[in-house]
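Undergrad: My structure is in target.cif, and what it holds is mmCIF, C-alpha atoms and all ligand atoms:
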data_query
loop_
_atom_site.group_PDB
_atom_site.id
_atom_site.type_symbol
_atom_site.label_atom_id
_atom_site.label_comp_id
_atom_site.auth_asym_id
_atom_site.auth_seq_id
_atom_site.Cartn_x
_atom_site.Cartn_y
_atom_site.Cartn_z
ATOM 1 C CA MET T 2 0.000 0.000 0.000
ATOM 2 C CA ARG T 3 2.884 2.325 0.776
ATOM 3 C CA ASP T 4 4.158 1.876 -2.769
ATOM 4 C CA ARG T 5 0.755 2.219 -4.308
ATOM 5 C CA ILE T 6 0.236 5.607 -2.709
ATOM 6 C CA ALA T 7 3.744 6.795 -3.449
ATOM 7 C CA GLY T 8 3.155 5.724 -7.043
ATOM 8 C CA THR T 9 -0.151 7.503 -7.417
ATOM 9 C CA SER T 10 1.241 10.622 -5.767
ATOM 10 C CA GLN T 11 4.002 10.777 -8.312
ATOM 11 C CA ILE T 12 1.550 10.354 -11.167
ATOM 12 C CA PHE T 13 0.042 13.591 -9.934
ATOM 13 C CA LEU T 14 3.221 15.392 -10.720
ATOM 14 C CA LEU T 15 2.516 14.759 -14.403
ATOM 15 C CA ARG T 16 0.078 17.126 -16.002
ATOM 16 C CA GLY T 17 -2.761 16.138 -18.252
ATOM 17 C CA TYR T 18 -3.289 12.895 -16.403
ATOM 18 C CA GLY T 19 -6.915 13.698 -15.756
ATOM 19 C CA MET T 20 -8.622 14.083 -12.417
ATOM 20 C CA ASP T 21 -11.234 11.970 -10.772
ATOM 21 C CA CYS T 22 -12.488 11.744 -7.214
ATOM 22 C CA SER T 23 -10.253 8.903 -6.111
ATOM 23 C CA ARG T 24 -7.159 10.641 -7.468
ATOM 24 C CA ILE T 25 -8.167 13.814 -5.670
ATOM 25 C CA LYS T 26 -8.477 11.814 -2.466
ATOM 26 C CA ASP T 27 -5.012 10.275 -2.882
ATOM 27 C CA ALA T 28 -3.270 13.558 -3.624
ATOM 28 C CA ILE T 29 -5.147 16.004 -1.433
ATOM 29 C CA TYR T 30 -2.173 16.612 0.842
ATOM 30 C CA LEU T 31 0.130 17.346 -2.077
ATOM 31 C CA PHE T 32 -2.345 20.014 -3.053
ATOM 32 C CA LEU T 33 -2.761 21.437 0.449
ATOM 33 C CA ASP T 34 1.003 21.430 1.067
ATOM 34 C CA ASN T 35 1.693 23.274 -2.194
ATOM 35 C CA GLU T 36 3.866 20.383 -3.284
ATOM 36 C CA MET T 37 2.007 19.880 -6.544
ATOM 37 C CA GLY T 38 3.188 21.541 -9.729
ATOM 38 C CA GLU T 39 1.260 24.714 -10.592
ATOM 39 C CA GLU T 40 -0.337 23.280 -13.702
ATOM 40 C CA VAL T 41 -1.418 20.084 -11.992
ATOM 41 C CA ALA T 42 -2.752 22.155 -9.117
ATOM 42 C CA SER T 43 -4.933 24.101 -11.524
ATOM 43 C CA GLU T 44 -6.358 20.837 -12.908
ATOM 44 C CA PHE T 45 -6.969 19.872 -9.314
ATOM 45 C CA GLU T 46 -8.767 23.160 -8.663
ATOM 46 C CA ASN T 47 -10.909 22.701 -11.761
ATOM 47 C CA HIS T 48 -12.125 19.399 -10.424
ATOM 48 C CA LEU T 49 -12.819 20.877 -6.984
ATOM 49 C CA ALA T 50 -14.848 23.676 -8.543
ATOM 50 C CA SER T 51 -17.172 21.199 -10.186
ATOM 51 C CA CYS T 52 -17.296 18.472 -7.541
ATOM 52 C CA PRO T 53 -18.986 19.371 -4.227
ATOM 53 C CA SER T 54 -17.961 16.186 -2.449
ATOM 54 C CA CYS T 55 -14.241 16.656 -3.191
ATOM 55 C CA ALA T 56 -14.540 20.324 -2.243
ATOM 56 C CA ARG T 57 -16.149 19.277 1.012
ATOM 57 C CA ARG T 58 -13.268 16.916 1.722
ATOM 58 C CA ARG T 59 -10.728 19.603 0.899
ATOM 59 C CA ASP T 60 -12.411 22.064 3.282
ATOM 60 C CA PHE T 61 -12.640 19.528 6.067
ATOM 61 C CA THR T 62 -9.044 18.355 5.703
ATOM 62 C CA THR T 63 -7.728 21.913 5.596
ATOM 63 C CA ARG T 64 -9.612 22.875 8.718
ATOM 64 C CA TRP T 65 -8.642 19.992 10.959
ATOM 65 C CA LEU T 66 -5.015 20.235 9.843
ATOM 66 C CA VAL T 67 -4.987 23.929 10.715
ATOM 67 C CA GLN T 68 -6.329 23.074 14.161
ATOM 68 C CA VAL T 69 -3.619 20.469 14.696
ATOM 69 C CA ARG T 70 -0.906 22.900 13.600
ATOM 70 C CA ARG T 71 -2.249 25.722 15.689
ATOM 71 C CA ARG T 72 -3.032 23.789 18.826
ATOM 72 C CA ALA T 73 -0.340 21.133 19.072
ATOM 73 C CA VAL T 74 1.709 21.865 22.187
ATOM 74 C CA ARG T 75 5.186 23.259 21.472
ATOM 75 C CA LEU T 76 7.434 22.364 24.363
ATOM 76 C CA CYS T 77 10.302 24.646 25.292
ATOM 77 C CA ALA T 78 13.696 23.267 26.191
ATOM 78 C CA PRO T 79 14.289 23.623 29.933
ATOM 79 C CA ASP T 80 16.788 26.303 30.880
ATOM 80 C CA SER T 81 18.915 23.702 32.637
ATOM 81 C CA LEU T 82 19.321 21.903 29.292
ATOM 82 C CA ARG T 83 20.423 25.095 27.600
ATOM 83 C CA GLN T 84 23.093 25.603 30.274
ATOM 84 C CA LYS T 85 24.146 21.966 30.139
ATOM 85 C CA VAL T 86 24.568 22.046 26.345
ATOM 86 C CA LEU T 87 26.593 25.257 26.457
ATOM 87 C CA ARG T 88 28.820 23.844 29.195
ATOM 88 C CA SER T 89 29.540 20.690 27.249
ATOM 89 C CA LEU T 90 30.150 22.618 24.029
ATOM 90 C CA ARG T 91 32.622 24.858 25.840
ATOM 91 C CA SER T 92 34.456 21.927 27.319
ATOM 92 C CA ASN T 93 34.730 20.706 23.710
ATOM 93 C CA GLY T 94 36.325 23.927 22.547
ATOM 94 C CA LEU T 95 33.469 26.352 21.884
ATOM 95 C CA GLU T 96 34.612 29.869 22.660
ATOM 96 C CA ARG T 97 32.362 32.304 24.416
ATOM 97 C CA LEU T 98 30.380 34.397 22.011
ATOM 98 C CA SER T 99 32.422 37.565 21.548
ATOM 99 C CA PRO T 100 30.492 40.813 21.733
ATOM 100 C CA MET J 15 30.932 17.405 2.113
ATOM 101 C CA ASN J 16 32.216 18.577 -1.189
ATOM 102 C CA ILE J 17 35.855 19.082 -0.288
ATOM 103 C CA ALA J 18 36.854 20.658 -3.584
ATOM 104 C CA GLU J 19 34.219 23.319 -3.160
ATOM 105 C CA THR J 20 35.424 24.102 0.334
ATOM 106 C CA ILE J 21 38.943 24.589 -0.953
ATOM 107 C CA HIS J 22 37.816 26.827 -3.788
ATOM 108 C CA HIS J 23 35.570 28.914 -1.605
ATOM 109 C CA PRO J 24 37.184 29.013 1.797
ATOM 110 C CA GLY J 25 35.106 32.073 2.674
ATOM 111 C CA GLN J 26 31.937 29.991 2.574
ATOM 112 C CA GLN J 27 33.150 27.568 5.154
ATOM 113 C CA PRO J 28 31.243 28.077 8.399
ATOM 114 C CA HIS J 29 33.296 29.234 11.339
ATOM 115 C CA ARG J 30 33.213 27.523 14.660
ATOM 116 C CA TRP J 31 32.671 30.776 16.463
ATOM 117 C CA ASP J 32 29.384 31.067 14.538
ATOM 118 C CA PHE J 33 28.044 27.882 15.963
ATOM 119 C CA GLN J 34 26.397 29.114 19.121
ATOM 120 C CA GLY J 35 24.508 31.910 17.423
ATOM 121 C CA ALA J 36 23.460 29.691 14.536
ATOM 122 C CA ALA J 37 22.451 26.601 16.471
ATOM 123 C CA MET J 38 21.051 27.652 19.846
ATOM 124 C CA PRO J 39 17.850 29.257 18.477
ATOM 125 C CA TYR J 40 16.680 25.810 17.320
ATOM 126 C CA MET J 41 16.851 24.198 20.720
ATOM 127 C CA ASP J 42 13.131 24.499 21.467
ATOM 128 C CA SER J 43 12.182 22.897 18.149
ATOM 129 C CA LEU J 44 14.721 20.123 18.585
ATOM 130 C CA PHE J 45 13.630 19.485 22.151
ATOM 131 C CA ASN J 46 9.939 19.430 21.223
ATOM 132 C CA THR J 47 10.558 16.892 18.468
ATOM 133 C CA ALA J 48 12.926 14.835 20.643
ATOM 134 C CA PHE J 49 10.370 14.739 23.432
ATOM 135 C CA ARG J 50 7.587 13.599 21.129
ATOM 136 C CA MET J 51 9.772 10.890 19.636
ATOM 137 C CA ALA J 52 11.339 9.620 22.872
ATOM 138 C CA ARG J 53 8.178 10.277 24.914
ATOM 139 C CA ASN J 54 10.101 11.285 28.016
ATOM 140 C CA SER J 55 12.047 14.313 29.130
ATOM 141 C CA GLU J 56 15.231 12.578 30.224
ATOM 142 C CA ASP J 57 15.843 10.863 26.876
ATOM 143 C CA ALA J 58 14.768 14.010 25.021
ATOM 144 C CA GLU J 59 17.379 16.061 26.888
ATOM 145 C CA ASP J 60 20.090 13.501 26.185
ATOM 146 C CA LEU J 61 19.104 13.423 22.518
ATOM 147 C CA VAL J 62 19.309 17.190 22.207
ATOM 148 C CA GLN J 63 22.630 17.392 23.996
ATOM 149 C CA GLU J 64 24.096 14.661 21.796
ATOM 150 C CA THR J 65 22.733 16.399 18.707
ATOM 151 C CA TYR J 66 24.472 19.656 19.642
ATOM 152 C CA LEU J 67 27.766 17.954 20.373
ATOM 153 C CA LYS J 68 27.731 16.104 17.046
ATOM 154 C CA ALA J 69 26.645 19.205 15.170
ATOM 155 C CA TYR J 70 29.496 21.174 16.712
ATOM 156 C CA LYS J 71 31.987 18.440 15.941
ATOM 157 C CA TYR J 72 30.923 18.241 12.291
ATOM 158 C CA TYR J 73 30.085 21.910 11.811
ATOM 159 C CA ASP J 74 32.802 22.330 9.180
ATOM 160 C CA LYS J 75 31.010 19.669 7.130
ATOM 161 C CA PHE J 76 27.854 21.724 6.983
ATOM 162 C CA GLN J 77 27.537 23.445 3.634
ATOM 163 C CA GLU J 78 26.805 27.114 3.865
ATOM 164 C CA GLY J 79 23.713 28.022 1.899
ATOM 165 C CA THR J 80 21.884 24.784 2.680
ATOM 166 C CA ASN J 81 19.240 24.527 5.376
ATOM 167 C CA PHE J 82 20.899 24.556 8.781
ATOM 168 C CA LYS J 83 17.745 23.712 10.708
ATOM 169 C CA ALA J 84 17.191 20.662 8.479
ATOM 170 C CA TRP J 85 20.817 19.658 9.027
ATOM 171 C CA LEU J 86 20.347 19.764 12.817
ATOM 172 C CA PHE J 87 17.157 17.722 12.521
ATOM 173 C CA LYS J 88 18.958 15.154 10.429
ATOM 174 C CA ILE J 89 21.524 14.725 13.204
ATOM 175 C CA LEU J 90 18.726 14.488 15.768
ATOM 176 C CA LYS J 91 16.936 11.844 13.720
ATOM 177 C CA ASN J 92 20.113 9.772 13.268
ATOM 178 C CA THR J 93 20.870 10.010 16.971
ATOM 179 C CA PHE J 94 17.346 8.906 17.787
ATOM 180 C CA ILE J 95 17.457 5.954 15.379
ATOM 181 C CA ASN J 96 20.894 4.817 16.542
ATOM 182 C CA SER J 97 20.628 5.065 20.276
ATOM 183 C CA TYR J 98 17.061 5.414 21.426
ATOM 184 C CA ARG J 99 14.740 3.696 19.076
ATOM 185 C CA LYS J 100 16.252 0.316 19.876
ATOM 186 C CA LYS J 101 15.253 0.786 23.489
ATOM 187 C CA GLN J 102 11.629 1.348 22.580
ATOM 188 C CA GLN J 103 9.150 -1.356 21.937
ATOM 189 C CA VAL J 104 7.970 -1.459 18.360
ATOM 190 C CA PRO J 105 4.238 -0.811 18.432
ATOM 191 C CA PRO J 106 2.053 -3.297 16.591
ATOM 192 C CA GLU J 107 1.149 -2.351 13.030
ATOM 193 C CA SER J 108 -2.093 -0.433 13.005
ATOM 194 C CA ASP J 109 -4.953 -1.761 10.959
ATOM 195 C CA PHE J 110 -5.147 0.643 8.049
ATOM 196 C CA SER J 111 -8.253 -0.882 6.520
ATOM 197 C CA ASP J 112 -10.158 0.911 9.232
ATOM 198 C CA ILE J 113 -8.828 4.412 8.592
ATOM 199 C CA GLU J 114 -9.288 4.690 4.877
ATOM 200 C CA ASP J 115 -12.770 6.064 4.911
ATOM 201 C CA SER J 116 -13.054 7.916 8.188
ATOM 202 C CA PHE J 117 -14.205 11.125 6.530
ATOM 203 C CA GLU J 118 -16.797 9.296 4.436
ATOM 204 C CA ARG J 119 -18.061 7.654 7.590
ATOM 205 C CA LEU J 120 -18.325 10.982 9.333
ATOM 206 C CA VAL J 121 -20.491 12.514 6.630
ATOM 207 C CA SER J 122 -22.603 9.458 5.965
ATOM 208 C CA ASP J 123 -22.963 7.856 9.416
ATOM 209 C CA GLU J 124 -26.478 6.940 10.318
ATOM 210 C CA VAL J 125 -26.079 9.055 13.432
ATOM 211 C CA THR J 126 -24.626 12.088 11.701
ATOM 212 C CA HIS J 127 -26.319 12.260 8.330
ATOM 213 C CA ARG J 128 -29.200 14.208 9.780
ATOM 214 C CA MET J 129 -26.840 16.884 11.062
ATOM 215 C CA ARG J 130 -26.607 19.971 8.938
ATOM 216 C CA SER J 131 -22.837 19.745 9.061
ATOM 217 C CA PRO J 132 -21.134 16.936 10.953
ATOM 218 C CA GLU J 133 -17.810 18.565 10.063
ATOM 219 C CA GLU J 134 -18.763 21.685 12.013
ATOM 220 C CA GLU J 135 -19.764 19.632 15.040
ATOM 221 C CA PHE J 136 -16.527 17.729 14.888
ATOM 222 C CA LEU J 137 -14.255 20.725 14.317
ATOM 223 C CA ALA J 138 -15.900 22.780 17.026
ATOM 224 C CA ASN J 139 -15.323 20.049 19.546
ATOM 225 C CA ILE J 140 -11.759 18.891 19.066
ATOM 226 C CA LEU J 141 -10.064 19.081 22.438
ATOM 227 C CA ASN J 142 -6.462 20.155 22.902
ATOM 228 C CA GLU J 143 -5.825 16.895 24.733
ATOM 229 C CA ASP J 144 -7.201 14.952 21.771
ATOM 230 C CA ILE J 145 -4.667 16.585 19.471
ATOM 231 C CA GLN J 146 -1.754 15.731 21.760
ATOM 232 C CA ALA J 147 -2.996 12.174 22.281
ATOM 233 C CA ALA J 148 -3.614 11.585 18.572
ATOM 234 C CA LEU J 149 -0.100 12.773 17.705
ATOM 235 C CA GLU J 150 1.356 10.656 20.467
ATOM 236 C CA ALA J 151 -0.473 7.546 19.276
ATOM 237 C CA LEU J 152 1.014 7.610 15.764
ATOM 238 C CA PRO J 153 3.556 4.858 15.020
ATOM 239 C CA SER J 154 6.990 6.478 15.189
ATOM 240 C CA ASP J 155 7.772 6.591 11.434
ATOM 241 C CA PHE J 156 4.514 8.386 10.759
ATOM 242 C CA ARG J 157 4.811 10.557 13.861
ATOM 243 C CA MET J 158 8.210 11.800 12.736
ATOM 244 C CA VAL J 159 6.974 12.793 9.271
ATOM 245 C CA VAL J 160 3.866 14.506 10.616
ATOM 246 C CA LEU J 161 5.909 16.433 13.201
ATOM 247 C CA LEU J 162 8.390 17.573 10.570
ATOM 248 C CA ALA J 163 5.659 18.655 8.142
ATOM 249 C CA ASP J 164 2.937 20.017 10.388
ATOM 250 C CA ILE J 165 4.797 21.249 13.457
ATOM 251 C CA GLU J 166 8.149 22.275 11.971
ATOM 252 C CA SER J 167 6.843 23.216 8.490
ATOM 253 C CA PHE J 168 9.607 21.489 6.531
ATOM 254 C CA SER J 169 9.041 20.889 2.793
ATOM 255 C CA TYR J 170 8.798 17.349 1.409
ATOM 256 C CA LYS J 171 12.296 17.688 -0.022
ATOM 257 C CA GLU J 172 13.720 18.798 3.326
ATOM 258 C CA ILE J 173 11.969 15.943 5.118
ATOM 259 C CA ALA J 174 13.358 13.492 2.560
ATOM 260 C CA ASP J 175 16.863 14.835 3.274
ATOM 261 C CA ILE J 176 16.392 14.682 7.031
ATOM 262 C CA LEU J 177 15.104 11.115 6.948
ATOM 263 C CA GLY J 178 17.346 9.905 4.131
ATOM 264 C CA VAL J 179 14.396 8.508 2.156
ATOM 265 C CA PRO J 180 12.955 9.315 -1.303
ATOM 266 C CA VAL J 181 10.345 12.081 -1.581
ATOM 267 C CA GLY J 182 7.784 9.425 -2.586
ATOM 268 C CA THR J 183 8.254 7.751 0.790
ATOM 269 C CA VAL J 184 7.694 11.088 2.536
ATOM 270 C CA MET J 185 4.442 11.501 0.592
ATOM 271 C CA SER J 186 3.165 8.052 1.469
ATOM 272 C CA ARG J 187 4.132 8.303 5.149
ATOM 273 C CA LEU J 188 2.542 11.706 5.409
ATOM 274 C CA TYR J 189 -0.581 10.394 3.714
ATOM 275 C CA ARG J 190 -0.906 7.509 6.104
ATOM 276 C CA GLY J 191 0.167 9.492 9.146
ATOM 277 C CA ARG J 192 -2.421 12.183 8.554
ATOM 278 C CA ARG J 193 -5.152 9.682 7.775
ATOM 279 C CA LEU J 194 -4.334 7.978 11.074
ATOM 280 C CA LEU J 195 -4.436 11.337 12.822
ATOM 281 C CA GLU J 196 -7.808 12.154 11.287
ATOM 282 C CA ALA J 197 -9.147 8.743 12.238
ATOM 283 C CA ALA J 198 -7.892 9.135 15.819
ATOM 284 C CA LEU J 199 -9.500 12.559 16.171
ATOM 285 C CA LEU J 200 -12.794 11.195 14.848
ATOM 286 C CA LYS J 201 -12.570 8.256 17.212
ATOM 287 C CA PHE J 202 -12.099 10.582 20.184
ATOM 288 C CA ALA J 203 -15.078 12.593 18.962
ATOM 289 C CA ARG J 204 -17.244 9.474 18.957
ATOM 290 C CA GLU J 205 -15.987 8.536 22.406
ATOM 291 C CA HIS J 206 -16.861 11.975 23.749
ATOM 292 C CA GLY J 207 -20.318 11.273 22.461
ATOM 293 C CA TYR J 208 -21.211 14.381 20.539
ATOM 294 C CA LEU J 209 -21.231 12.622 17.224
ATOM 295 C CA ARG J 210 -23.266 9.797 18.697
ATOM 296 C CA ASN J 211 -25.782 12.154 20.228
ATOM 297 C CA GLY J 212 -25.877 14.354 17.201
ATOM 298 C CA MET J 213 -25.389 17.286 19.587
ATOM 299 C CA PRO J 214 -22.250 18.977 20.778
ATOM 300 C CA SER J 215 -21.795 18.994 24.514
ATOM 301 C CA LYS J 216 -22.687 22.409 25.890
ATOM 302 C CA MET J 217 -20.221 22.087 28.702
ATOM 303 C CA ARG J 218 -17.453 21.165 26.346
ATOM 304 C CA SER J 219 -18.020 24.114 24.078
ATOM 305 C CA GLN J 220 -17.905 26.379 27.116
ATOM 306 C CA VAL J 221 -14.572 24.922 28.174
ATOM 307 C CA GLN J 222 -13.294 25.262 24.616
ATOM 308 C CA SER J 223 -14.125 28.926 24.220
HETATM 309 ZN ZN ZN T 301 -14.586 14.697 -7.019
#
What do you get writing this file as structure tokens?
Ligand SMILES: [Zn+2]

TA:
Amino acid sequence: MRDRIAGTSQIFLLRGYGMDCSRIKDAIYLFLDNEMGEEVASEFENHLASCPSCARRRDFTTRWLVQVRRRAVRLCAPDSLRQKVLRSLRSNGLERLSP
Amino acid sequence: MNIAETIHHPGQQPHRWDFQGAAMPYMDSLFNTAFRMARNSEDAEDLVQETYLKAYKYYDKFQEGTNFKAWLFKILKNTFINSYRKKQQVPPESDFSDIEDSFERLVSDEVTHRMRSPEEEFLANILNEDIQAALEALPSDFRMVVLLADIESFSYKEIADILGVPVGTVMSRLYRGRRLLEAALLKFAREHGYLRNGMPSKMRSQVQS
């Protein structure tokens, strides 16, 4: 299955391949991530404009991904780690940052 | 790693005194990713420290003009694979037959098809904890790709470089990782009951807002 999807995704990088709902479904992330060539993306958009169910999927996928990106917790490195790393770098030859 | 180039353009070679200023700003990102991969603070701290030591040691091998953040993440990933992943139990393969059509199920479920928009109900009720738990539950290969793409905003090409895999593999892992994430979020939604009841929980939406 991994290869099947990788294969279909790469087919999307070719233009003029034609769009249908199952291909849209397979390549929706390429489209949302802007990793699809411009011309293929415009074929993709043409399909979305005329297919409510694919458009609905696109909207849904975009919105939950935005929520994940916005709300996933970003941990900060503890200050003690910062000090520890600097200490060990210095004992390995890092010079103090000169002003 | 192109030695000839370094000799021809000695001015482009990074200087060791640059290292602190160049590398330290990425510590939060590296720590966040390390923590989510190792799942505990102690290992995450060790991973980050090891990453910085290796990066400093090999700093003259870094090619100026390429992505330094991606280079640091590549070292982090290699360190994780070499020393920490072996310690972890490999989780059982998830059953992917179940995740393929989670969106279709959401919009066509017997319990949700009468809703005006099941998507709205779902999106309005995702809990912060659900997002953390769903990310945490991803098998580590998929978790790594999703973190790099959705939390650190690396491009497919950069992720391929960091992981040392073809871009096609990045695409397929991201596809499966995100489908798993979507399925997990929908599963939590069902467990919370608002999809089953066809009504969002009032209390929950108050907590959310
Ligand atoms: Zn369609």

Undergrad: Around ligand ZN 301 (chain T), out to 9 Å and counting all atoms listed in the file, which residues are there? I want them as a list in words.

TA: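 Written in the requested form, the residues are Met20, Asp21, Cys22, Ser23, Arg24, Ile25, Lys26, His48, Leu49, Ser51, Cys52, Pro53, Ser54, Cys55 and Ala56 of chain T.
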
Undergrad: Using all atoms listed in the file, which residue out of J:Ile145, J:Met158, J:Ala198, J:Ala84 lies closest to chain T?

TA: J:Ile145

Undergrad: Report the residues retrieved by the PyMOL selection byres ((chain J) within 7 of (chain T and not hetatm)) from the displayed file, expressed as a list of chain:residue names.

TA: J:Trp31, J:Met41, J:Asp42, J:Phe45, J:Asn46, J:Glu59, J:Gln63, J:Leu67, J:Glu133, J:Leu137, J:Asn142, J:Ile145, J:Gln146, J:Asp164, J:Ile165, J:Gly182, J:Thr183, J:Met185, J:Ser186

Undergrad: Could you write those residues out with C-alpha atoms, as a compact mmCIF listing (two decimals), in the coordinates of the input?

TA:
# COMPACT_ATOMS: atom_id res chain seq x y z
CA TRP J 31 32.67 30.78 16.46
CA MET J 41 16.85 24.20 20.72
CA ASP J 42 13.13 24.50 21.47
CA PHE J 45 13.63 19.48 22.15
CA ASN J 46 9.94 19.43 21.22
CA GLU J 59 17.38 16.06 26.89
CA GLN J 63 22.63 17.39 24.00
CA LEU J 67 27.77 17.95 20.37
CA GLU J 133 -17.81 18.57 10.06
CA LEU J 137 -14.26 20.72 14.32
CA ASN J 142 -6.46 20.16 22.90
CA ILE J 145 -4.67 16.58 19.47
CA GLN J 146 -1.75 15.73 21.76
CA ASP J 164 2.94 20.02 10.39
CA ILE J 165 4.80 21.25 13.46
CA GLY J 182 7.78 9.43 -2.59
CA THR J 183 8.25 7.75 0.79
CA MET J 185 4.44 11.50 0.59
CA SER J 186 3.16 8.05 1.47

Undergrad: Applying the PyMOL selection byres (((chain J and resi 149) around 10) and not hetatm) to the file I just gave you, which residues come out? Please list them as an MDAnalysis selection string.

TA: (chainID T and resid 69 73) or (chainID J and resid 50 143:148 150:154 156:158 160:161 191:192 194:195 198:199)

Undergrad: Which polymer residues have any atom within 10 Å of an atom of J:Pro180, counting only C-alpha atoms, with same-chain residues fewer than 6 positions away left out, as a ChimeraX atom specification?

TA: /T:7 /J:170-171,173-174

Undergrad: Give me, please, the distance in Å between atom CA of J:Leu86 and atom CA of J:Ala58, quoted to one decimal.

TA: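 A separation of 14.6 Å between them.
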
Undergrad: I'd like the interatomic distance between atom CA of J:Ser116 and atom CA of J:Arg204, to a tenth of an Å.

TA: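 Atom CA of J:Arg204 lies at a distance of 11.7 Å from atom CA of J:Ser116.
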
Undergrad: Would you compute an axis-aligned box for stretch 47-64 of chain T, covering every atom listed for it in the file with 8 Å of margin on each side, and report centre and edge lengths in Å to one decimal as AutoDock Vina command-line options?

TA:
--center_x -13.4 --center_y 19.9 --center_z -1.5 --size_x 27.3 --size_y 23.5 --size_z 36.5

Undergrad: Just checking: using only C-alpha atoms, which residue out of J:Leu44, J:Arg187, J:Val121, J:Leu90 ends up closest to J:Glu134?

TA: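 Of J:Leu44, J:Arg187, J:Val121, J:Leu90, the one nearest J:Glu134 is J:Val121, counting only C-alpha atoms.
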
Undergrad: Calculate how many Å separate atom CA of T:Thr63 from atom CA of J:Ser43, rounding to one decimal.

TA: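 Calculated distance between atom CA of T:Thr63 and atom CA of J:Ser43 is 23.6 Å.
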